[in-house]
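J.: Next comes input12.txt, compact mmCIF, C-alpha atoms:
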# COMPACT_ATOMS: atom_id res chain seq x y z
CA MET K 1 18.00 36.26 20.93
CA VAL K 2 19.27 32.74 21.57
CA THR K 3 16.88 32.29 24.48
CA GLU K 4 13.94 33.56 22.42
CA PHE K 5 14.84 31.23 19.57
CA VAL K 6 15.12 28.17 21.82
CA LEU K 7 11.79 28.94 23.48
CA LEU K 8 10.18 29.51 20.10
CA VAL K 9 11.47 26.17 18.78
CA ILE K 10 10.02 24.37 21.80
CA GLY K 11 6.78 26.30 21.47
CA ALA K 12 6.56 25.49 17.76
CA TYR K 13 6.84 21.77 18.40
CA LEU K 14 4.29 21.86 21.20
CA LEU K 15 1.79 23.94 19.23
CA GLY K 16 2.34 21.76 16.19
CA SER K 17 1.64 18.75 18.39
CA VAL K 18 -1.83 20.00 19.36
CA PRO K 19 -4.05 17.42 17.59
CA ALA K 20 -7.02 19.53 16.58
CA ALA K 21 -8.65 16.69 14.63
CA TYR K 22 -8.40 14.33 17.58
CA LEU K 23 -9.75 16.90 20.06
CA VAL K 24 -12.63 18.01 17.84
CA ALA K 25 -13.73 14.43 17.17
CA ARG K 26 -13.45 13.53 20.85
CA TRP K 27 -15.31 16.58 22.14
CA SER K 28 -18.03 16.73 19.48
CA ARG K 29 -18.78 13.07 18.87
CA GLY K 30 -17.00 11.18 21.60
CA ILE K 31 -14.91 9.19 19.13
CA ASP K 32 -11.20 8.52 18.76
CA ILE K 33 -10.34 9.76 15.26
CA ARG K 34 -7.50 7.24 15.16
CA ARG K 35 -10.06 4.42 15.23
CA VAL K 36 -12.33 5.60 12.43
CA GLY K 37 -11.95 6.20 8.71
CA SER K 38 -8.31 6.40 7.71
CA GLY K 39 -7.02 6.53 11.26
CA ASN K 40 -5.21 9.74 10.36
CA VAL K 41 -5.18 12.65 12.81
CA GLY K 42 -6.09 15.32 10.30
CA ALA K 43 -8.86 17.39 8.80
CA ALA K 44 -9.55 14.92 5.98
CA ASN K 45 -10.33 12.13 8.41
CA VAL K 46 -12.70 14.41 10.29
CA LEU K 47 -14.39 14.95 6.94
CA SER K 48 -14.50 11.21 6.26
CA ALA K 49 -16.10 10.72 9.65
CA GLY K 50 -19.02 12.74 8.31
CA SER K 51 -18.47 16.27 9.56
CA LYS K 52 -17.80 18.96 6.97
CA ARG K 53 -18.67 21.58 9.56
CA LEU K 54 -15.83 20.47 11.82
CA ALA K 55 -13.29 19.64 9.11
CA VAL K 56 -13.00 23.26 8.01
CA PRO K 57 -11.93 24.72 11.39
CA VAL K 58 -9.54 21.80 11.88
CA ALA K 59 -7.90 22.57 8.53
CA ILE K 60 -7.70 26.27 9.39
CA PHE K 61 -6.12 25.48 12.74
CA ASP K 62 -3.55 23.17 11.16
CA VAL K 63 -2.58 25.85 8.64
CA GLY K 64 -2.62 28.52 11.31
CA LYS K 65 -0.31 26.82 13.79
CA GLY K 66 2.46 26.62 11.23
CA ALA K 67 1.88 30.15 10.01
CA LEU K 68 1.66 31.61 13.51
CA MET K 69 4.99 30.28 14.71
CA VAL K 70 6.88 31.58 11.67
CA TRP K 71 5.11 34.93 11.96
CA VAL K 72 6.17 35.23 15.60
CA ALA K 73 9.74 34.44 14.57
CA GLN K 74 9.54 37.27 12.06
CA LEU K 75 8.16 39.67 14.67
CA LEU K 76 11.12 38.85 16.90
CA GLY K 77 13.49 39.74 14.07
CA LEU K 78 14.90 36.25 13.65
CA GLY K 79 16.74 35.42 10.45
CA ALA K 80 15.46 33.25 7.63
CA ALA K 81 17.30 30.15 8.85
CA GLN K 82 15.76 30.49 12.30
CA GLN K 83 12.29 31.13 10.86
CA VAL K 84 12.58 27.99 8.75
CA THR K 85 13.73 25.96 11.75
CA VAL K 86 10.74 27.11 13.77
CA GLY K 87 8.39 26.19 10.92
CA VAL K 88 9.92 22.75 10.45
CA LEU K 89 9.52 22.03 14.18
CA ALA K 90 5.82 22.90 13.94
CA ILE K 91 5.45 20.41 11.07
CA ILE K 92 7.32 17.73 13.00
CA GLY K 93 5.03 18.36 15.96
CA HIS K 94 1.97 17.81 13.79
CA ASN K 95 3.34 14.61 12.27
CA TRP K 96 4.73 13.18 15.51
CA SER K 97 2.64 14.67 18.29
CA VAL K 98 3.99 14.32 21.80
CA PHE K 99 0.37 14.30 23.00
CA LEU K 100 -0.53 11.23 20.90
CA ARG K 101 2.52 9.07 21.56
CA PHE K 102 4.27 10.51 18.52
CA ARG K 103 1.52 9.77 16.05
CA GLY K 104 -0.13 12.38 13.87
CA GLY K 105 -1.02 13.41 10.35
CA ARG K 106 0.88 14.10 7.14
CA GLY K 107 1.49 17.79 7.92
CA VAL K 108 0.46 19.14 4.52
CA PHE K 109 -1.76 21.91 5.88
CA THR K 110 0.79 22.87 8.53
CA SER K 111 3.50 22.91 5.86
CA LEU K 112 1.30 25.15 3.74
CA GLY K 113 1.00 27.63 6.60
CA VAL K 114 4.78 27.67 7.12
CA ILE K 115 5.51 28.09 3.42
CA THR K 116 2.94 30.85 2.92
CA ILE K 117 4.32 33.04 5.71
CA LEU K 118 7.89 32.52 4.55
CA CYS K 119 7.03 33.27 0.91
CA PRO K 120 3.37 34.03 0.06
CA TRP K 121 3.68 33.53 -3.71
CA LEU K 122 5.31 30.16 -3.15
CA GLY K 123 2.49 29.16 -0.81
CA LEU K 124 -0.11 30.06 -3.43
CA MET K 125 1.71 28.18 -6.18
CA ILE K 126 2.16 25.08 -4.04
CA PHE K 127 -1.51 25.09 -3.05
CA VAL K 128 -2.61 25.27 -6.68
CA LEU K 129 -0.13 22.61 -7.76
CA ALA K 130 -1.08 20.24 -4.93
CA TYR K 131 -4.75 20.35 -5.93
CA SER K 132 -4.24 20.52 -9.68
CA LEU K 133 -4.88 16.78 -9.95
CA ALA K 134 -7.90 16.78 -7.64
CA PRO K 135 -10.36 16.50 -10.59
CA PHE K 136 -8.64 13.19 -11.41
CA ARG K 137 -8.75 12.05 -7.78
CA GLN K 138 -4.98 12.10 -7.57
CA VAL K 139 -4.47 14.58 -4.74
CA ALA K 140 -1.62 12.52 -3.29
CA LEU K 141 0.27 12.70 -6.58
CA GLY K 142 -0.37 16.44 -6.78
CA VAL K 143 1.03 16.90 -3.29
CA LEU K 144 4.10 14.87 -4.28
CA LEU K 145 4.67 17.16 -7.28
CA ALA K 146 4.33 20.15 -4.98
CA TYR K 147 6.91 18.71 -2.59
CA ILE K 148 9.37 18.00 -5.40
CA SER K 149 9.01 21.49 -6.85
CA LEU K 150 9.36 23.29 -3.52
CA PRO K 151 13.15 23.81 -3.47
CA PHE K 152 13.29 24.85 -7.15
CA PHE K 153 10.47 27.37 -7.06
CA SER K 154 11.47 28.76 -3.67
CA TRP K 155 14.68 30.11 -5.19
CA PHE K 156 12.81 32.09 -7.86
CA LEU K 157 9.60 33.08 -6.08
CA CYS K 158 11.13 34.37 -2.87
CA VAL K 159 12.49 37.34 -4.81
CA PRO K 160 12.30 40.00 -2.06
CA LEU K 161 14.82 38.03 -0.02
CA GLY K 162 18.50 38.49 -0.63
CA ILE K 163 20.64 35.63 -1.94
CA GLU K 164 21.98 34.92 1.52
CA GLU K 165 18.45 34.74 2.89
CA ARG K 166 17.04 32.73 0.01
CA LEU K 167 19.53 29.91 0.54
CA PRO K 168 18.24 28.89 4.01
CA ILE K 169 14.68 29.21 2.65
CA MET K 170 15.52 26.79 -0.15
CA LEU K 171 17.21 24.37 2.24
CA GLY K 172 14.17 24.62 4.48
CA MET K 173 11.95 23.64 1.56
CA VAL K 174 14.19 20.62 0.98
CA ALA K 175 13.63 19.68 4.64
CA ILE K 176 9.86 20.15 4.39
CA ALA K 177 9.66 18.05 1.23
CA THR K 178 11.82 15.34 2.76
CA ILE K 179 9.68 15.18 5.89
CA GLY K 180 6.48 15.00 3.85
CA ILE K 181 7.68 12.19 1.60
CA PHE K 182 9.36 10.31 4.45
CA ARG K 183 6.12 10.45 6.44
CA ARG K 184 4.36 8.62 3.64
CA ILE K 185 6.89 5.82 3.52
CA ILE K 186 7.21 4.90 7.19
CA VAL K 187 3.60 4.08 8.05
CA PRO K 188 2.91 0.47 9.15
CA LYS K 189 2.06 -2.12 6.53
CA THR K 190 -1.54 -3.14 6.00
CA PRO K 191 -3.02 -6.58 5.21
CA LEU K 192 -3.58 -5.40 1.64
CA SER K 193 0.15 -4.97 1.15
CA ALA K 194 1.11 -8.48 2.28
CA SER K 195 1.84 -9.62 -1.28
CA VAL K 196 3.44 -6.36 -2.43
CA SER K 197 7.22 -6.29 -2.73
CA LEU K 198 9.19 -3.79 -0.68
CA GLY K 199 10.12 -1.82 -3.78
CA GLY K 200 6.53 -1.77 -5.01
CA LEU K 201 5.30 -0.72 -1.58
CA VAL K 202 7.71 2.21 -1.42
CA ILE K 203 6.78 3.35 -4.93
CA ASN K 204 3.05 3.09 -4.21
CA ARG K 205 3.41 5.10 -1.04
CA ILE K 206 5.58 7.78 -2.60
CA LEU K 207 3.38 8.24 -5.68
CA PHE K 208 -0.10 7.49 -4.37
CA ASP K 209 0.27 7.45 -0.58
CA ARG K 210 -1.33 4.02 -0.38
CA ASP K 211 -0.03 0.47 -0.26
CA ILE K 212 -1.52 -0.81 -3.52
CA ARG K 213 -2.17 0.58 -6.99
CA ASP K 214 -5.83 -0.43 -7.06
CA ARG K 215 -7.60 2.63 -5.76
CA ARG K 216 -11.05 1.04 -5.69
CA THR K 217 -9.90 -1.92 -3.61
CA TRP K 218 -8.02 0.37 -1.25
CA ILE K 219 -11.15 2.44 -0.64
CA SER K 220 -13.51 -0.53 -0.33
CA GLN K 221 -11.29 -2.29 2.21
CA GLY K 222 -10.84 0.86 4.24
CA ALA K 223 -7.76 1.93 6.14
CA PRO K 224 -6.37 0.41 9.32
CA GLY K 225 -7.71 1.31 12.70
CA ALA K 226 -6.06 2.30 15.92
CA ASP K 227 -2.82 0.40 15.43
CA SER K 228 -1.97 1.94 12.08
CA ASP K 229 -1.56 5.41 10.63
CA GLU K 230 -2.12 4.54 7.00
CA GLU K 231 -4.72 6.60 5.13
CA SER K 232 -7.16 6.01 2.30
CA ILE K 233 -7.09 7.84 -1.00
CA ASP K 234 -7.83 11.57 -0.94
CA GLN K 235 -7.72 11.41 2.89
CA GLN K 236 -4.10 10.52 3.35
CA VAL K 237 -2.34 13.75 2.54
CA TYR K 238 -3.24 15.92 5.50
Any chance you could put this one into structure tokens?
T.:
Amino acid sequence: MVTEFVLLVIGAYLLGSVPAAYLVARWSRGIDIRRVGSGNVGAANVLSAGSKRLAVPVAIFDVGKGALMVWVAQLLGLGAAQQVTVGVLAIIGHNWSVFLRFRGGRGVFTSLGVITILCPWLGLMIFVLAYSLAPFRQVALGVLLAYISLPFFSWFLCVPLGIEERLPIMLGMVAIATIGIFRRIIVPKTPLSASVSLGGLVINRILFDRDIRDRRTWISQGAPGADSDEESIDQQVY
């Protein structure tokens, strides 16, 4: 089983690294998705580039690659800790793709796929919570709330699992939340954030996933191009 697990971990990272948004934009429109819109390699930036038709399959693929790898781990009879590890590697692959010089997206959709296969009720709750603030155009804040609640709710919603199995699931949710929040913080600074203090910048990125509080200015100025991975509001979380 050790060999299968090692191969699955490698496969999870490689599949997670497949940049569906980049490939779809390149093949369909001949553009580099990193140089348009938010610069993010995700479904939301495909949407911002003007293609709802292509954004949907990209989102499905991003969810599916996380879900598939965990499902395969389950078919092989791997334990909860190993399933979580495989899922986390798929998320890391999406966020730091080996095929794009370790650039990528936020990994929210891929995380959703991993979480849903590990614990379906938790996946549903997190999806609803993440988009609960969408009517107020605060998707990034909703996603942050979902990340923060992941470890707590995983303990209670993954009821069919025994206590020994629920513990690695909960720790895995801590890892997923940490990766998601960390990914927001480490993006390069933008010209708009030149006058923002380091503390203010970190808070803005954690809460709103943008460099400044002023949403309207952030949108009107647009996000960086090829040399940055920062995203604009409602496009940054994928």
J.: Rounded to one decimal, what separation in Å do you get between CA of Gln74 (chain K) and CA of Ala146 (chain K)?
T.: 24.7 Å
J.: Suppose you want the space between CA of Ala55 (chain K) and CA of Ala20 (chain K); what is it in Å?
T.: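 Those two atoms sit 9.8 Å apart.
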J.: Near Arg53 (chain K), within 12 Å and counting only C-alpha atoms, which residues show up once chain neighbours fewer than 5 positions away are dropped, as a short mmCIF file (atom, residue, chain, number, x, y, z; two decimals) with C-alpha atoms, keeping the file's coordinate frame?
T.:
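Below is the file out-v6.cif, written as the result:
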data_model
loop_
_atom_site.label_atom_id
_atom_site.label_comp_id
_atom_site.auth_asym_id
_atom_site.auth_seq_id
_atom_site.Cartn_x
_atom_site.Cartn_y
_atom_site.Cartn_z
CA VAL K 24 -12.63 18.01 17.84
CA ALA K 25 -13.73 14.43 17.17
CA SER K 28 -18.03 16.73 19.48
CA ALA K 43 -8.86 17.39 8.80
CA ALA K 44 -9.55 14.92 5.98
CA VAL K 46 -12.70 14.41 10.29
CA LEU K 47 -14.39 14.95 6.94
CA SER K 48 -14.50 11.21 6.26
CA VAL K 58 -9.54 21.80 11.88
CA ALA K 59 -7.90 22.57 8.53
CA ILE K 60 -7.70 26.27 9.39
#
J.: Edge lengths and centre, in Å to one decimal, as lines of an AutoDock Vina configuration file: that's what I need for the box along x, y and z that holds all listed atoms of region 14-29 of chain K plus 4 Å on each side.
T.:
center_x = -7.2
center_y = 18.5
center_z = 18.4
size_x = 31.1
size_y = 18.9
size_z = 15.5
J.: Mind pulling up the distance from CA of Val41 (chain K) to CA of Val174 (chain K)?
T.: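 Separation of CA of Val174 (chain K) and CA of Val41 (chain K): 24.1 Å.
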J.: Please produce, as a Markdown table, a per-residue contact table for region 157-186 of chain K versus region 102-125 of chain K (criterion: any atom at most 8 Å away, all atoms listed in the file considered), showing the nearest atom pair and its distance in Å to one decimal, sorted by chain then residue number.
T.:
| residue | atom | partner | partner_atom | distance |
| --- | --- | --- | --- | --- |
| K:Leu157 | CA | K:Leu122 | CA | 6.0 |
| K:Cys158 | CA | K:Cys119 | CA | 5.7 |
| K:Ile169 | CA | K:Leu118 | CA | 7.8 |
| K:Ile176 | CA | K:Ser111 | CA | 7.1 |
| K:Gly180 | CA | K:Arg106 | CA | 6.6 |
| K:Arg183 | CA | K:Arg106 | CA | 6.4 |
| K:Arg184 | CA | K:Arg106 | CA | 7.4 |
J.: May I have the selected residues written with C-alpha atoms, as a PDB file, in the frame of the given file?
T.:
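Final output, saved to result24.pdb:
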ATOM      1  CA  LEU K 157       9.600  33.080  -6.080  1.00  0.00           C
ATOM      2  CA  CYS K 158      11.130  34.370  -2.870  1.00  0.00           C
ATOM      3  CA  ILE K 169      14.680  29.210   2.650  1.00  0.00           C
ATOM      4  CA  ILE K 176       9.860  20.150   4.390  1.00  0.00           C
ATOM      5  CA  GLY K 180       6.480  15.000   3.850  1.00  0.00           C
ATOM      6  CA  ARG K 183       6.120  10.450   6.440  1.00  0.00           C
ATOM      7  CA  ARG K 184       4.360   8.620   3.640  1.00  0.00           C
TER       8      ARG K 184
END
J.: Quick one: of K:Gln83, K:Ser154, K:Ser195, K:Asn204, who's nearest to Leu141 (chain K), counting all atoms listed in the file?
T.: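 Comparing K:Gln83, K:Ser154, K:Ser195, K:Asn204 against Leu141 (chain K), the winner is K:Asn204.
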J.: Restricted to C-alpha atoms, what does region 38-100 of chain K look like when written out as a PDB file, in the first residue's frame?
T.:
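part18.pdb was written with the following content:
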ATOM      1  CA  SER K  38      -7.249  39.361 -12.507  1.00  0.00           C
ATOM      2  CA  GLY K  39      -4.287  37.359 -13.744  1.00  0.00           C
ATOM      3  CA  ASN K  40      -5.581  34.425 -11.718  1.00  0.00           C
ATOM      4  CA  VAL K  41      -5.490  30.920 -13.202  1.00  0.00           C
ATOM      5  CA  GLY K  42      -9.033  29.981 -12.284  1.00  0.00           C
ATOM      6  CA  ALA K  43     -12.611  29.744 -13.459  1.00  0.00           C
ATOM      7  CA  ALA K  44     -13.527  33.234 -12.253  1.00  0.00           C
ATOM      8  CA  ASN K  45     -10.891  34.851 -14.430  1.00  0.00           C
ATOM      9  CA  VAL K  46     -12.148  32.889 -17.422  1.00  0.00           C
ATOM     10  CA  LEU K  47     -15.549  34.368 -16.613  1.00  0.00           C
ATOM     11  CA  SER K  48     -14.087  37.865 -16.316  1.00  0.00           C
ATOM     12  CA  ALA K  49     -12.477  37.390 -19.710  1.00  0.00           C
ATOM     13  CA  GLY K  50     -15.998  37.172 -21.091  1.00  0.00           C
ATOM     14  CA  SER K  51     -16.738  33.470 -21.408  1.00  0.00           C
ATOM     15  CA  LYS K  52     -19.484  32.044 -19.207  1.00  0.00           C
ATOM     16  CA  ARG K  53     -19.637  29.016 -21.484  1.00  0.00           C
ATOM     17  CA  LEU K  54     -16.032  28.106 -20.727  1.00  0.00           C
ATOM     18  CA  ALA K  55     -15.985  29.122 -17.055  1.00  0.00           C
ATOM     19  CA  VAL K  56     -18.457  26.405 -16.086  1.00  0.00           C
ATOM     20  CA  PRO K  57     -16.434  23.420 -17.368  1.00  0.00           C
ATOM     21  CA  VAL K  58     -13.275  24.921 -15.864  1.00  0.00           C
ATOM     22  CA  ALA K  59     -14.984  25.131 -12.467  1.00  0.00           C
ATOM     23  CA  ILE K  60     -16.257  21.561 -12.803  1.00  0.00           C
ATOM     24  CA  PHE K  61     -12.788  20.332 -13.699  1.00  0.00           C
ATOM     25  CA  ASP K  62     -11.214  22.132 -10.746  1.00  0.00           C
ATOM     26  CA  VAL K  63     -13.752  20.585  -8.364  1.00  0.00           C
ATOM     27  CA  GLY K  64     -13.422  17.213 -10.038  1.00  0.00           C
ATOM     28  CA  LYS K  65      -9.656  16.887  -9.841  1.00  0.00           C
ATOM     29  CA  GLY K  66      -9.717  17.235  -6.072  1.00  0.00           C
ATOM     30  CA  ALA K  67     -12.694  14.927  -5.705  1.00  0.00           C
ATOM     31  CA  LEU K  68     -11.288  12.295  -8.062  1.00  0.00           C
ATOM     32  CA  MET K  69      -7.996  11.854  -6.251  1.00  0.00           C
ATOM     33  CA  VAL K  70      -9.638  11.407  -2.851  1.00  0.00           C
ATOM     34  CA  TRP K  71     -12.166   9.006  -4.359  1.00  0.00           C
ATOM     35  CA  VAL K  72      -9.368   6.896  -5.834  1.00  0.00           C
ATOM     36  CA  ALA K  73      -7.689   6.849  -2.422  1.00  0.00           C
ATOM     37  CA  GLN K  74     -10.935   5.551  -0.950  1.00  0.00           C
ATOM     38  CA  LEU K  75     -11.237   2.864  -3.632  1.00  0.00           C
ATOM     39  CA  LEU K  76      -7.737   1.684  -2.755  1.00  0.00           C
ATOM     40  CA  GLY K  77      -8.768   1.339   0.878  1.00  0.00           C
ATOM     41  CA  LEU K  78      -6.442   4.031   2.189  1.00  0.00           C
ATOM     42  CA  GLY K  79      -7.107   5.471   5.627  1.00  0.00           C
ATOM     43  CA  ALA K  80      -8.508   8.898   6.380  1.00  0.00           C
ATOM     44  CA  ALA K  81      -5.087  10.439   6.987  1.00  0.00           C
ATOM     45  CA  GLN K  82      -3.833   9.214   3.620  1.00  0.00           C
ATOM     46  CA  GLN K  83      -7.000  10.386   1.850  1.00  0.00           C
ATOM     47  CA  VAL K  84      -6.573  13.837   3.356  1.00  0.00           C
ATOM     48  CA  THR K  85      -2.916  13.945   2.325  1.00  0.00           C
ATOM     49  CA  VAL K  86      -3.824  13.092  -1.251  1.00  0.00           C
ATOM     50  CA  GLY K  87      -6.485  15.814  -1.286  1.00  0.00           C
ATOM     51  CA  VAL K  88      -4.147  18.440   0.145  1.00  0.00           C
ATOM     52  CA  LEU K  89      -1.544  17.639  -2.534  1.00  0.00           C
ATOM     53  CA  ALA K  90      -4.164  18.188  -5.238  1.00  0.00           C
ATOM     54  CA  ILE K  91      -4.935  21.618  -3.750  1.00  0.00           C
ATOM     55  CA  ILE K  92      -1.247  22.494  -3.556  1.00  0.00           C
ATOM     56  CA  GLY K  93      -0.881  21.466  -7.190  1.00  0.00           C
ATOM     57  CA  HIS K  94      -3.682  23.825  -8.201  1.00  0.00           C
ATOM     58  CA  ASN K  95      -2.251  26.727  -6.222  1.00  0.00           C
ATOM     59  CA  TRP K  96       1.378  26.157  -7.217  1.00  0.00           C
ATOM     60  CA  SER K  97       1.277  24.409 -10.568  1.00  0.00           C
ATOM     61  CA  VAL K  98       4.498  22.807 -11.744  1.00  0.00           C
ATOM     62  CA  PHE K  99       3.330  23.497 -15.305  1.00  0.00           C
ATOM     63  CA  LEU K 100       3.078  27.270 -14.719  1.00  0.00           C
TER      64      LEU K 100
END
